[in-house]
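Colleague: File name structure_33.pdb; file contents PDB, C-alpha atoms; full text below.
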```pdb
ATOM      1  CA  MET O  14     -12.461  11.400  43.501
ATOM      2  CA  ARG O  15     -14.209  12.729  40.398
ATOM      3  CA  ALA O  16     -17.980  13.129  40.323
ATOM      4  CA  VAL O  17     -20.817  14.869  38.472
ATOM      5  CA  ARG O  18     -22.197  17.498  40.849
ATOM      6  CA  THR O  19     -24.922  20.109  40.868
ATOM      7  CA  GLY O  20     -25.399  22.925  43.315
ATOM      8  CA  GLU O  21     -28.062  25.227  41.884
ATOM      9  CA  ARG O  22     -31.535  23.873  41.180
ATOM     10  CA  ALA O  23     -32.568  26.748  38.930
ATOM     11  CA  ALA O  24     -29.607  26.101  36.614
ATOM     12  CA  GLY O  25     -30.947  22.720  35.487
ATOM     13  CA  ALA O  26     -28.604  20.655  33.336
ATOM     14  CA  ALA O  27     -26.483  23.745  32.699
ATOM     15  CA  GLY O  28     -25.404  23.600  36.337
ATOM     16  CA  LEU O  29     -23.821  20.151  36.076
ATOM     17  CA  VAL O  30     -20.058  20.016  36.509
ATOM     18  CA  VAL O  31     -17.470  17.254  36.693
ATOM     19  CA  THR O  32     -15.357  18.093  39.698
ATOM     20  CA  ASP O  33     -13.471  16.726  42.687
ATOM     21  CA  ALA O  34     -15.765  15.463  45.446
ATOM     22  CA  PRO O  35     -15.245  13.930  48.892
ATOM     23  CA  TYR O  36     -14.705  10.184  49.044
ATOM     24  CA  PRO O  37     -17.954   8.663  50.387
ATOM     25  CA  HIS O  38     -18.366   7.510  53.967
ATOM     26  CA  ALA O  39     -19.490   3.929  54.529
ATOM     27  CA  GLY O  40     -22.173   4.029  57.203
ATOM     28  CA  GLU O  41     -23.521   1.057  59.087
ATOM     29  CA  ASN O  42     -24.685  -1.677  56.669
ATOM     30  CA  ASP O  43     -23.233   0.268  53.716
ATOM     31  CA  VAL O  44     -20.713  -0.743  51.111
ATOM     32  CA  ILE O  45     -18.459   1.475  49.031
ATOM     33  CA  VAL O  46     -18.710   0.520  45.367
ATOM     34  CA  ARG O  47     -16.012   1.360  42.869
ATOM     35  CA  VAL O  48     -18.222   2.450  40.004
ATOM     36  CA  HIS O  49     -17.629   0.887  36.596
ATOM     37  CA  ALA O  50     -20.838   2.109  34.928
ATOM     38  CA  ALA O  51     -23.768   4.236  36.043
ATOM     39  CA  GLY O  52     -27.250   5.102  34.856
ATOM     40  CA  PHE O  53     -29.120   8.357  35.308
ATOM     41  CA  THR O  54     -32.546   9.891  34.760
ATOM     42  CA  PRO O  55     -32.681  13.490  33.456
ATOM     43  CA  GLY O  56     -35.768  14.153  35.566
ATOM     44  CA  GLU O  57     -33.794  13.690  38.784
ATOM     45  CA  LEU O  58     -32.735  17.321  38.519
ATOM     46  CA  ASN O  59     -36.283  18.097  39.717
ATOM     47  CA  TRP O  60     -36.597  15.350  42.333
ATOM     48  CA  PRO O  61     -36.808  16.616  45.940
ATOM     49  CA  GLY O  62     -34.222  14.036  47.076
ATOM     50  CA  THR O  63     -31.600  15.589  44.810
ATOM     51  CA  TRP O  64     -31.726  18.758  46.880
ATOM     52  CA  THR O  65     -32.727  17.726  50.393
ATOM     53  CA  ASP O  66     -31.953  14.825  52.715
ATOM     54  CA  ARG O  67     -34.509  12.635  54.478
ATOM     55  CA  ALA O  68     -34.992  15.306  57.153
ATOM     56  CA  GLY O  69     -35.723  17.969  54.540
ATOM     57  CA  ARG O  70     -32.396  19.759  54.991
ATOM     58  CA  ASP O  71     -30.548  21.236  52.050
ATOM     59  CA  ARG O  72     -27.803  18.854  50.892
ATOM     60  CA  ALA O  73     -26.484  20.587  47.754
ATOM     61  CA  PRO O  74     -24.055  20.259  46.092
ATOM     62  CA  SER O  75     -25.265  16.779  45.178
ATOM     63  CA  THR O  76     -23.789  13.958  43.133
ATOM     64  CA  LEU O  77     -26.284  12.693  40.566
ATOM     65  CA  GLY O  78     -27.244   9.218  39.311
ATOM     66  CA  HIS O  79     -28.965   6.333  41.095
ATOM     67  CA  GLU O  80     -28.050   3.202  39.119
ATOM     68  CA  VAL O  81     -24.702   1.541  39.626
ATOM     69  CA  SER O  82     -22.676  -1.422  38.468
ATOM     70  CA  GLY O  83     -19.242  -1.992  39.879
ATOM     71  CA  VAL O  84     -17.108  -3.800  42.426
ATOM     72  CA  VAL O  85     -17.281  -3.699  46.222
ATOM     73  CA  ALA O  86     -14.306  -1.692  47.477
ATOM     74  CA  GLU O  87     -15.090  -1.406  51.178
ATOM     75  CA  LEU O  88     -17.570  -2.754  53.736
ATOM     76  CA  GLY O  89     -19.199  -0.590  56.371
ATOM     77  CA  TYR O  90     -19.715  -1.689  59.966
ATOM     78  CA  GLY O  91     -22.216  -4.542  60.253
ATOM     79  CA  THR O  92     -22.417  -5.215  56.532
ATOM     80  CA  THR O  93     -22.981  -8.857  55.660
ATOM     81  CA  GLY O  94     -23.755 -10.835  52.528
ATOM     82  CA  LEU O  95     -21.230  -9.100  50.271
ATOM     83  CA  THR O  96     -17.443  -9.252  50.032
ATOM     84  CA  VAL O  97     -14.696  -6.895  48.909
ATOM     85  CA  GLY O  98     -13.953  -7.434  45.223
ATOM     86  CA  GLN O  99     -17.428  -8.788  44.434
ATOM     87  CA  ARG O 100     -19.244  -7.602  41.283
ATOM     88  CA  VAL O 101     -22.537  -5.942  42.227
ATOM     89  CA  PHE O 102     -25.229  -3.685  40.782
ATOM     90  CA  GLY O 103     -28.229  -1.900  42.171
ATOM     91  CA  LEU O 104     -30.267   1.156  43.009
ATOM     92  CA  THR O 105     -29.063   3.863  45.404
ATOM     93  CA  ASP O 106     -31.002   5.984  47.868
ATOM     94  CA  TRP O 107     -32.797   9.021  46.382
ATOM     95  CA  THR O 108     -31.570  11.359  49.144
ATOM     96  CA  ARG O 109     -27.861  10.463  49.150
ATOM     97  CA  ASP O 110     -25.031  11.253  46.772
ATOM     98  CA  GLY O 111     -25.321   9.118  43.680
ATOM     99  CA  THR O 112     -23.481   7.010  41.180
ATOM    100  CA  LEU O 113     -22.005   9.443  38.645
ATOM    101  CA  ALA O 114     -18.725   9.251  40.482
ATOM    102  CA  GLU O 115     -15.705   7.031  40.871
ATOM    103  CA  TYR O 116     -17.016   5.681  44.192
ATOM    104  CA  VAL O 117     -20.438   5.620  45.854
ATOM    105  CA  ALA O 118     -21.793   4.536  49.251
ATOM    106  CA  VAL O 119     -24.813   2.235  48.952
ATOM    107  CA  GLU O 120     -26.924   0.337  51.451
ATOM    108  CA  ALA O 121     -25.962  -3.312  51.035
ATOM    109  CA  ARG O 122     -29.617  -4.351  50.917
ATOM    110  CA  ASN O 123     -30.044  -2.358  47.679
ATOM    111  CA  LEU O 124     -27.314  -4.260  45.812
ATOM    112  CA  ALA O 125     -27.426  -7.658  44.123
ATOM    113  CA  PRO O 126     -24.584  -9.882  42.920
ATOM    114  CA  LEU O 127     -23.754  -9.435  39.242
ATOM    115  CA  PRO O 128     -23.002 -12.570  37.202
ATOM    116  CA  ALA O 129     -19.647 -12.535  35.431
ATOM    117  CA  THR O 130     -21.471 -13.019  32.116
ATOM    118  CA  VAL O 131     -23.311  -9.692  32.394
ATOM    119  CA  SER O 132     -21.407  -6.540  31.481
ATOM    120  CA  HIS O 133     -21.324  -3.504  33.736
ATOM    121  CA  LEU O 134     -22.851  -1.460  30.899
ATOM    122  CA  SER O 135     -25.868  -3.761  30.677
ATOM    123  CA  ALA O 136     -26.205  -3.953  34.450
ATOM    124  CA  ALA O 137     -26.213  -0.167  34.841
ATOM    125  CA  ALA O 138     -29.202   0.006  32.492
ATOM    126  CA  LEU O 139     -31.203  -2.465  34.572
ATOM    127  CA  PRO O 140     -32.015  -1.231  38.131
ATOM    128  CA  ILE O 141     -34.530   1.599  37.691
ATOM    129  CA  SER O 142     -35.890   0.463  34.333
ATOM    130  CA  GLY O 143     -36.083  -3.221  35.229
ATOM    131  CA  LEU O 144     -37.638  -2.745  38.651
ATOM    132  CA  THR O 145     -40.078  -0.151  37.304
ATOM    133  CA  ALA O 146     -41.164  -2.464  34.504
ATOM    134  CA  TRP O 147     -41.619  -5.423  36.859
ATOM    135  CA  GLN O 148     -43.407  -3.510  39.612
ATOM    136  CA  GLY O 149     -45.663  -1.715  37.129
ATOM    137  CA  LEU O 150     -46.649  -4.877  35.269
ATOM    138  CA  PHE O 151     -46.947  -7.407  38.072
ATOM    139  CA  ASP O 152     -46.919  -5.847  41.548
ATOM    140  CA  HIS O 153     -49.305  -3.004  40.677
ATOM    141  CA  GLY O 154     -50.790  -4.087  37.340
ATOM    142  CA  ARG O 155     -51.372  -7.750  38.273
ATOM    143  CA  LEU O 156     -50.697  -8.840  34.697
ATOM    144  CA  ALA O 157     -51.662 -12.458  34.014
ATOM    145  CA  VAL O 158     -51.353 -14.968  31.192
ATOM    146  CA  GLY O 159     -53.615 -14.209  28.246
ATOM    147  CA  GLN O 160     -54.284 -10.576  29.177
ATOM    148  CA  ARG O 161     -53.776  -7.624  26.862
ATOM    149  CA  VAL O 162     -51.307  -4.926  27.907
ATOM    150  CA  LEU O 163     -50.606  -1.539  26.331
ATOM    151  CA  ILE O 164     -47.030  -0.359  26.988
ATOM    152  CA  HIS O 165     -46.060   3.227  26.203
ATOM    153  CA  GLY O 166     -42.481   4.320  25.494
ATOM    154  CA  ALA O 167     -41.386   1.184  23.643
ATOM    155  CA  GLY O 168     -37.960   2.593  22.779
ATOM    156  CA  GLY O 169     -37.056   3.671  26.303
ATOM    157  CA  GLY O 170     -35.401   1.812  29.136
ATOM    158  CA  VAL O 171     -38.626   0.942  30.973
ATOM    159  CA  GLY O 172     -40.732   0.254  27.895
ATOM    160  CA  SER O 173     -38.211  -2.000  26.191
ATOM    161  CA  LEU O 174     -37.833  -4.186  29.285
ATOM    162  CA  ALA O 175     -41.571  -4.193  29.976
ATOM    163  CA  ILE O 176     -42.260  -5.530  26.473
ATOM    164  CA  GLN O 177     -39.942  -8.469  27.084
ATOM    165  CA  LEU O 178     -41.266  -9.260  30.564
ATOM    166  CA  ALA O 179     -44.919  -9.033  29.495
ATOM    167  CA  HIS O 180     -44.333 -11.192  26.416
ATOM    168  CA  GLN O 181     -42.597 -13.857  28.487
ATOM    169  CA  ALA O 182     -45.480 -13.798  30.975
ATOM    170  CA  GLY O 183     -47.865 -14.837  28.209
ATOM    171  CA  ALA O 184     -49.595 -11.505  27.646
ATOM    172  CA  TYR O 185     -50.615  -9.973  24.324
ATOM    173  CA  VAL O 186     -48.364  -6.910  24.063
ATOM    174  CA  ILE O 187     -49.278  -3.689  22.276
ATOM    175  CA  ALA O 188     -46.424  -1.184  22.297
ATOM    176  CA  THR O 189     -46.409   2.509  21.411
ATOM    177  CA  GLY O 190     -43.633   4.882  20.449
ATOM    178  CA  ARG O 191     -42.255   6.767  17.491
ATOM    179  CA  ALA O 192     -41.898   5.229  14.055
ATOM    180  CA  ARG O 193     -38.203   4.569  14.683
ATOM    181  CA  ASP O 194     -39.138   2.326  17.635
ATOM    182  CA  ARG O 195     -41.312  -0.089  15.647
ATOM    183  CA  ALA O 196     -38.534  -2.498  14.660
ATOM    184  CA  ILE O 197     -37.038  -2.881  18.128
ATOM    185  CA  ALA O 198     -40.460  -3.211  19.781
ATOM    186  CA  THR O 199     -41.365  -6.045  17.433
ATOM    187  CA  GLU O 200     -37.971  -7.683  17.897
ATOM    188  CA  LEU O 201     -38.377  -7.616  21.687
ATOM    189  CA  GLY O 202     -41.774  -9.300  21.573
ATOM    190  CA  ALA O 203     -44.528  -6.759  20.899
ATOM    191  CA  HIS O 204     -47.441  -8.316  19.003
ATOM    192  CA  ALA O 205     -48.644  -4.930  17.737
ATOM    193  CA  PHE O 206     -47.180  -1.423  17.539
ATOM    194  CA  LEU O 207     -48.784   2.018  17.387
ATOM    195  CA  ASP O 208     -46.933   5.086  16.142
ATOM    196  CA  LEU O 209     -48.074   7.900  18.458
ATOM    197  CA  ASP O 210     -47.407  10.446  15.704
ATOM    198  CA  ALA O 211     -49.561   8.707  13.107
ATOM    199  CA  ASP O 212     -51.919   6.158  14.687
ATOM    200  CA  GLN O 213     -54.987   6.577  16.870
ATOM    201  CA  LEU O 214     -54.655   5.151  20.361
ATOM    202  CA  ALA O 215     -58.137   3.703  19.980
ATOM    203  CA  ALA O 216     -56.653   1.229  17.500
ATOM    204  CA  ALA O 217     -55.221  -0.631  20.478
ATOM    205  CA  GLY O 218     -58.709  -1.760  21.426
ATOM    206  CA  GLN O 219     -59.655  -2.659  24.993
ATOM    207  CA  VAL O 220     -56.821  -3.817  27.245
ATOM    208  CA  ASP O 221     -56.499  -5.199  30.757
ATOM    209  CA  LEU O 222     -53.511  -3.038  31.660
ATOM    210  CA  VAL O 223     -51.831   0.160  30.516
ATOM    211  CA  LEU O 224     -48.253   0.869  31.610
ATOM    212  CA  ASP O 225     -47.559   4.569  31.026
ATOM    213  CA  VAL O 226     -44.219   6.387  31.226
ATOM    214  CA  ILE O 227     -45.213   9.510  29.276
ATOM    215  CA  GLY O 228     -48.059  11.246  31.118
ATOM    216  CA  GLY O 229     -49.981  14.235  29.779
ATOM    217  CA  GLU O 230     -52.370  13.670  26.893
ATOM    218  CA  VAL O 231     -51.187  10.104  26.359
ATOM    219  CA  LEU O 232     -51.997   9.208  29.953
ATOM    220  CA  ALA O 233     -55.397  10.887  29.782
ATOM    221  CA  ALA O 234     -56.322   9.171  26.499
ATOM    222  CA  SER O 235     -55.187   5.777  27.778
ATOM    223  CA  ALA O 236     -57.934   5.563  30.390
ATOM    224  CA  ALA O 237     -60.536   4.958  27.674
ATOM    225  CA  GLN O 238     -58.647   1.874  26.486
ATOM    226  CA  VAL O 239     -58.889   0.042  29.820
ATOM    227  CA  ARG O 240     -61.729  -2.444  30.040
ATOM    228  CA  PRO O 241     -63.863  -2.683  33.213
ATOM    229  CA  GLY O 242     -61.836  -4.276  35.976
ATOM    230  CA  GLY O 243     -58.568  -3.262  34.341
ATOM    231  CA  THR O 244     -55.760  -1.032  35.541
ATOM    232  CA  LEU O 245     -53.957   2.098  34.379
ATOM    233  CA  VAL O 246     -50.465   2.318  35.913
ATOM    234  CA  THR O 247     -48.243   5.369  35.431
ATOM    235  CA  ILE O 248     -44.880   6.593  36.660
ATOM    236  CA  ALA O 249     -45.257  10.041  35.068
ATOM    237  CA  ALA O 250     -47.608  11.792  37.509
ATOM    238  CA  PRO O 251     -50.639  11.012  39.677
ATOM    239  CA  PRO O 252     -53.465  10.387  37.178
ATOM    240  CA  THR O 253     -56.364  12.821  36.976
ATOM    241  CA  VAL O 254     -58.523  10.338  35.073
ATOM    242  CA  SER O 255     -59.582   6.810  35.899
ATOM    243  CA  PRO O 256     -60.834   3.984  33.672
ATOM    244  CA  GLU O 257     -64.572   3.370  33.864
ATOM    245  CA  GLY O 258     -65.006   0.388  36.147
ATOM    246  CA  GLY O 259     -61.256   0.133  36.638
ATOM    247  CA  ARG O 260     -58.485   1.705  38.670
ATOM    248  CA  ALA O 261     -55.654   4.149  38.056
ATOM    249  CA  LEU O 262     -52.508   4.499  40.117
ATOM    250  CA  PHE O 263     -49.143   6.220  40.229
ATOM    251  CA  PHE O 264     -46.067   4.676  41.833
ATOM    252  CA  ILE O 265     -42.396   5.350  42.454
ATOM    253  CA  VAL O 266     -40.038   2.430  41.981
ATOM    254  CA  GLU O 267     -38.715   0.790  45.145
ATOM    255  CA  PRO O 268     -35.420  -1.062  45.662
ATOM    256  CA  ASP O 269     -35.768  -4.846  45.633
ATOM    257  CA  ARG O 270     -32.593  -6.884  45.970
ATOM    258  CA  HIS O 271     -34.228 -10.236  45.240
ATOM    259  CA  ARG O 272     -35.947  -8.960  42.101
ATOM    260  CA  LEU O 273     -32.692  -7.401  40.902
ATOM    261  CA  ALA O 274     -31.006 -10.774  41.277
ATOM    262  CA  ASP O 275     -33.821 -12.386  39.294
ATOM    263  CA  LEU O 276     -33.537  -9.800  36.513
ATOM    264  CA  ALA O 277     -29.761 -10.288  36.336
ATOM    265  CA  HIS O 278     -30.284 -14.048  36.094
ATOM    266  CA  ARG O 279     -32.669 -13.511  33.177
ATOM    267  CA  VAL O 280     -30.015 -11.395  31.448
ATOM    268  CA  HIS O 281     -27.425 -14.101  32.139
ATOM    269  CA  GLU O 282     -29.698 -16.712  30.540
ATOM    270  CA  GLY O 283     -30.372 -14.518  27.499
ATOM    271  CA  ARG O 284     -34.063 -14.096  28.336
ATOM    272  CA  LEU O 285     -33.834 -10.357  29.037
ATOM    273  CA  ARG O 286     -31.961  -7.701  27.091
ATOM    274  CA  PRO O 287     -31.330  -4.252  28.593
ATOM    275  CA  LEU O 288     -30.883  -1.720  25.810
ATOM    276  CA  VAL O 289     -27.973   0.717  26.052
ATOM    277  CA  SER O 290     -28.525   3.594  23.652
ATOM    278  CA  THR O 291     -25.266   5.509  24.072
ATOM    279  CA  VAL O 292     -22.169   5.264  26.265
ATOM    280  CA  HIS O 293     -20.409   8.374  27.583
ATOM    281  CA  PRO O 294     -17.290   8.764  29.726
ATOM    282  CA  LEU O 295     -17.695  10.495  33.085
ATOM    283  CA  ASP O 296     -16.340  13.781  31.754
ATOM    284  CA  GLU O 297     -19.154  13.888  29.173
ATOM    285  CA  ALA O 298     -21.967  13.119  31.626
ATOM    286  CA  PRO O 299     -23.304  16.723  31.735
ATOM    287  CA  HIS O 300     -23.708  16.621  27.946
ATOM    288  CA  ALA O 301     -25.450  13.239  28.164
ATOM    289  CA  TYR O 302     -28.263  14.779  30.230
ATOM    290  CA  THR O 303     -29.357  16.960  27.324
ATOM    291  CA  ALA O 304     -28.199  14.937  24.310
ATOM    292  CA  PRO O 305     -31.074  13.935  21.977
ATOM    293  CA  ARG O 306     -32.019  10.257  21.896
ATOM    294  CA  THR O 307     -30.700   8.682  18.709
ATOM    295  CA  ALA O 308     -31.099   4.983  19.547
ATOM    296  CA  PRO O 309     -33.466   2.855  21.622
ATOM    297  CA  GLY O 310     -32.625   2.243  25.254
ATOM    298  CA  LYS O 311     -30.905   4.068  28.082
ATOM    299  CA  PRO O 312     -27.753   6.225  27.991
ATOM    300  CA  ILE O 313     -25.017   4.959  30.314
ATOM    301  CA  ILE O 314     -21.980   6.627  31.848
ATOM    302  CA  GLN O 315     -18.871   4.429  31.731
ATOM    303  CA  VAL O 316     -16.688   5.463  34.650
ATOM    304  CA  ILE O 317     -14.011   2.788  34.260
ATOM    305  CA  GLU O 318     -13.127   1.597  30.792
ATOM    306  CA  ALA O 319     -13.626  -2.163  30.809
ATOM    307  CA  GLU O 320     -11.244  -4.622  29.277
ATOM    308  CA  PRO O 321     -12.520  -5.276  25.750
ATOM    309  CA  GLU O 322     -12.609  -9.056  26.257
ATOM    310  CA  ALA O 323     -14.779  -8.793  29.357
ATOM    311  CA  GLU O 324     -17.347  -6.437  27.874
ATOM    312  CA  ALA O 325     -17.431  -8.230  24.525
ATOM    313  CA  GLY O 326     -18.131 -11.523  26.245
ATOM    314  CA  ALA O 327     -21.163 -10.056  27.998
ATOM    315  CA  ALA O 328     -22.410  -7.746  25.253
ATOM    316  CA  GLY O 329     -25.145 -10.117  24.178
ATOM    317  CA  ALA O 330     -26.360 -10.705  27.712
TER
END
```
Would you give me this structure, written as structure tokens?

Modeller:
Amino acid sequence: MRAVRTGERAAGAAGLVVTDAPYPHAGENDVIVRVHAAGFTPGELNWPGTWTDRAGRDRAPSTLGHEVSGVVAELGYGTTGLTVGQRVFGLTDWTRDGTLAEYVAVEARNLAPLPATVSHLSAAALPISGLTAWQGLFDHGRLAVGQRVLIHGAGGGVGSLAIQLAHQAGAYVIATGRARDRAIATELGAHAFLDLDADQLAAAGQVDLVLDVIGGEVLAASAAQVRPGGTLVTIAAPPTVSPEGGRALFFIVEPDRHRLADLAHRVHEGRLRPLVSTVHPLDEAPHAYTAPRTAPGKPIIQVIEAEPEAEAGAAGA
């Protein structure tokens, strides 16, 4: 099968190649998914799991990508709850070969059924971004009705979904980003928007929760905006500052089959809209890792070209 592989950590994105790779093995409680669309995170080139397995042993060359939408092609021994031919999507293990391939082995517990009304392109943009947004806002941030939340990275995959989820939860949403992100942030439900190139972060006022995806100076400055008893949540790096009278925490997203199913149902009902910025075929995946962002949302790799009728019917989901 064809896959996007990397074998030399120091090479970075320049070391990515589209090449032949072994067909994956379905272990106990695994399924083999025929990949229709896949998502990726450029930062995974620096993640330890890209280069070593759970025992710390070198596993390069590695297949990249950890978000998948496709169809079950094969069931491993002991696998229950899914059937061959079923549409599924989900999040793969950090320390196993990933989704930028024609087939991938995934633990069944990390996959959720995909409604027929939701396109594979939309579904591939949902696992990491959707689970990160939910876990950051509600599991770690404890966001409640009537609270004020400051969401950084409004034009990205996490930020754009977090705006929608926070708005629907009854929070007052303040989003940040670049000037080009203002329109989409407002459309998705932000009550206020700050341009990080032109506005002062202090203009956000005091908030109950900050959800940060940027880190650095933005993360450090955000602590001052959290009111006593509030929370600063980041996925960028462990925070070195903490809000006065509040708490600061860093987390790594965890698979959650039931939450994935809930997010897909929201997309099906039109209550949640994953943003796909660009779509690239598998052969162009190495270029996609370094391509500049020109539109809001997440870049997606389309491994199998969908029938136009099917994708068009789910495009608004």

Colleague: With the PyMOL selection byres ((chain O and resi 166-169) around 6) as the selection, what would be picked from this file? Answer as a list in words, please.

Modeller: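 Checked against the file, the PyMOL selection byres ((chain O and resi 166-169) around 6) matches His165, Gly170, Val171, Gly172, Ser173, Ala188, Thr189, Gly190, Asp194, Ala198, Pro309 and Gly310 of chain O.
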
Colleague: Next, the residues of the selection above should be written as a PDB file, in the frame of the given file with C-alpha atoms.

Modeller:
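Result file result.pdb:
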```pdb
ATOM      1  CA  HIS O 165     -46.060   3.227  26.203  1.00  0.00           C
ATOM      2  CA  GLY O 170     -35.401   1.812  29.136  1.00  0.00           C
ATOM      3  CA  VAL O 171     -38.626   0.942  30.973  1.00  0.00           C
ATOM      4  CA  GLY O 172     -40.732   0.254  27.895  1.00  0.00           C
ATOM      5  CA  SER O 173     -38.211  -2.000  26.191  1.00  0.00           C
ATOM      6  CA  ALA O 188     -46.424  -1.184  22.297  1.00  0.00           C
ATOM      7  CA  THR O 189     -46.409   2.509  21.411  1.00  0.00           C
ATOM      8  CA  GLY O 190     -43.633   4.882  20.449  1.00  0.00           C
ATOM      9  CA  ASP O 194     -39.138   2.326  17.635  1.00  0.00           C
ATOM     10  CA  ALA O 198     -40.460  -3.211  19.781  1.00  0.00           C
ATOM     11  CA  PRO O 309     -33.466   2.855  21.622  1.00  0.00           C
ATOM     12  CA  GLY O 310     -32.625   2.243  25.254  1.00  0.00           C
TER      13      GLY O 310
END
```

Colleague: Got a sec to resolve the PyMOL selection byres ((chain O and resi 271-284) around 7) on this structure and send the residues as a PDB file with C-alpha atoms, in the coordinates of the input?

Modeller:
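expr_14.pdb was written with the following content:
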```
ATOM      1  CA  ALA O 125     -27.426  -7.658  44.123  1.00  0.00           C
ATOM      2  CA  PRO O 126     -24.584  -9.882  42.920  1.00  0.00           C
ATOM      3  CA  LEU O 127     -23.754  -9.435  39.242  1.00  0.00           C
ATOM      4  CA  PRO O 128     -23.002 -12.570  37.202  1.00  0.00           C
ATOM      5  CA  THR O 130     -21.471 -13.019  32.116  1.00  0.00           C
ATOM      6  CA  VAL O 131     -23.311  -9.692  32.394  1.00  0.00           C
ATOM      7  CA  PRO O 140     -32.015  -1.231  38.131  1.00  0.00           C
ATOM      8  CA  ASP O 269     -35.768  -4.846  45.633  1.00  0.00           C
ATOM      9  CA  ARG O 270     -32.593  -6.884  45.970  1.00  0.00           C
ATOM     10  CA  LEU O 285     -33.834 -10.357  29.037  1.00  0.00           C
ATOM     11  CA  ARG O 286     -31.961  -7.701  27.091  1.00  0.00           C
ATOM     12  CA  ALA O 330     -26.360 -10.705  27.712  1.00  0.00           C
TER      13      ALA O 330
END
```

Colleague: Using Å and a single decimal, report how far atom CA of O:Arg195 sits from atom CA of O:Ala211.

Modeller: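 So the two atoms, atom CA of O:Ala211 and atom CA of O:Arg195, lie 12.3 Å apart.
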
Colleague: Using the chain letters and numbering of this document, enumerate as number ranges by chain the residues selected by the PyMOL selection byres ((chain O and resi 260) around 10).

Modeller: O: 154, 222, 236, 239, 241-246, 254-259, 261-262

Colleague: Just to be explicit: take each residue in the selection above, keep C-alpha atoms, and write the result as an mmCIF file, in the frame of the given file.

Modeller:
```cif
data_model
loop_
_atom_site.group_PDB
_atom_site.id
_atom_site.type_symbol
_atom_site.label_atom_id
_atom_site.label_comp_id
_atom_site.auth_asym_id
_atom_site.auth_seq_id
_atom_site.Cartn_x
_atom_site.Cartn_y
_atom_site.Cartn_z
ATOM 1 C CA GLY O 154 -50.790 -4.087 37.340
ATOM 2 C CA LEU O 222 -53.511 -3.038 31.660
ATOM 3 C CA ALA O 236 -57.934 5.563 30.390
ATOM 4 C CA VAL O 239 -58.889 0.042 29.820
ATOM 5 C CA PRO O 241 -63.863 -2.683 33.213
ATOM 6 C CA GLY O 242 -61.836 -4.276 35.976
ATOM 7 C CA GLY O 243 -58.568 -3.262 34.341
ATOM 8 C CA THR O 244 -55.760 -1.032 35.541
ATOM 9 C CA LEU O 245 -53.957 2.098 34.379
ATOM 10 C CA VAL O 246 -50.465 2.318 35.913
ATOM 11 C CA VAL O 254 -58.523 10.338 35.073
ATOM 12 C CA SER O 255 -59.582 6.810 35.899
ATOM 13 C CA PRO O 256 -60.834 3.984 33.672
ATOM 14 C CA GLU O 257 -64.572 3.370 33.864
ATOM 15 C CA GLY O 258 -65.006 0.388 36.147
ATOM 16 C CA GLY O 259 -61.256 0.133 36.638
ATOM 17 C CA ALA O 261 -55.654 4.149 38.056
ATOM 18 C CA LEU O 262 -52.508 4.499 40.117
#
```

Colleague: Taking only C-alpha atoms into account, which of O:Pro74, O:Gly52, O:Gly228, O:Gly98 comes nearest O:His293?

Modeller: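 For O:His293, the nearest of the given residues is O:Gly52.
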
Colleague: I need the residue nearest O:Gln160 from this list: O:Leu288, O:Ala136, O:Asp221, O:Ala205. Use all atoms listed in the file for the distance.

Modeller: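 Of O:Leu288, O:Ala136, O:Asp221, O:Ala205, the one nearest O:Gln160, counting all atoms listed in the file, is O:Asp221.
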
Colleague: Please list as a list in words every residue within 10 Å of O:Ala146, counting only C-alpha atoms and excluding residues in the same chain fewer than 6 positions away.

Modeller: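 Once the adjacent positions are removed, what remains is Leu139, Pro140, Asp152, Ile164, Gly170, Val171, Gly172, Ser173, Leu174, Ala175, Ile176, Gln177, Leu178, Ala179, Leu224, Val226 and Val266 of chain O.
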
Colleague: Take the residues that were just selected and, keeping C-alpha atoms, output them as a JSON list (two decimals), keeping the file's coordinate frame.

Modeller:
```json
[["chain", "number", "residue", "atom", "x", "y", "z"],
["O", 139, "LEU", "CA", -31.20, -2.46, 34.57],
["O", 140, "PRO", "CA", -32.02, -1.23, 38.13],
["O", 152, "ASP", "CA", -46.92, -5.85, 41.55],
["O", 164, "ILE", "CA", -47.03, -0.36, 26.99],
["O", 170, "GLY", "CA", -35.40, 1.81, 29.14],
["O", 171, "VAL", "CA", -38.63, 0.94, 30.97],
["O", 172, "GLY", "CA", -40.73, 0.25, 27.90],
["O", 173, "SER", "CA", -38.21, -2.00, 26.19],
["O", 174, "LEU", "CA", -37.83, -4.19, 29.28],
["O", 175, "ALA", "CA", -41.57, -4.19, 29.98],
["O", 176, "ILE", "CA", -42.26, -5.53, 26.47],
["O", 177, "GLN", "CA", -39.94, -8.47, 27.08],
["O", 178, "LEU", "CA", -41.27, -9.26, 30.56],
["O", 179, "ALA", "CA", -44.92, -9.03, 29.50],
["O", 224, "LEU", "CA", -48.25, 0.87, 31.61],
["O", 226, "VAL", "CA", -44.22, 6.39, 31.23],
["O", 266, "VAL", "CA", -40.04, 2.43, 41.98]]
```

Colleague: May I ask which of the residues O:Arg109, O:Arg161, O:Arg191, O:His300 is the closest one to O:Leu209, counting all atoms listed in the file?

Modeller: O:Arg191

Colleague: Which residue, O:Ala196, O:Val81, O:Ala308, O:Val162, has the smallest gap to O:Ala138 when you use only C-alpha atoms?

Modeller: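 Among the listed residues, O:Val81 lies closest to O:Ala138.
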
Colleague: Smallest atom-to-atom distance to O:Ala73: which of O:Arg18, O:Arg306, O:Arg100, O:Arg122, using all atoms listed in the file?

Modeller: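 Of O:Arg18, O:Arg306, O:Arg100, O:Arg122, the one nearest O:Ala73 is O:Arg18, counting all atoms listed in the file.
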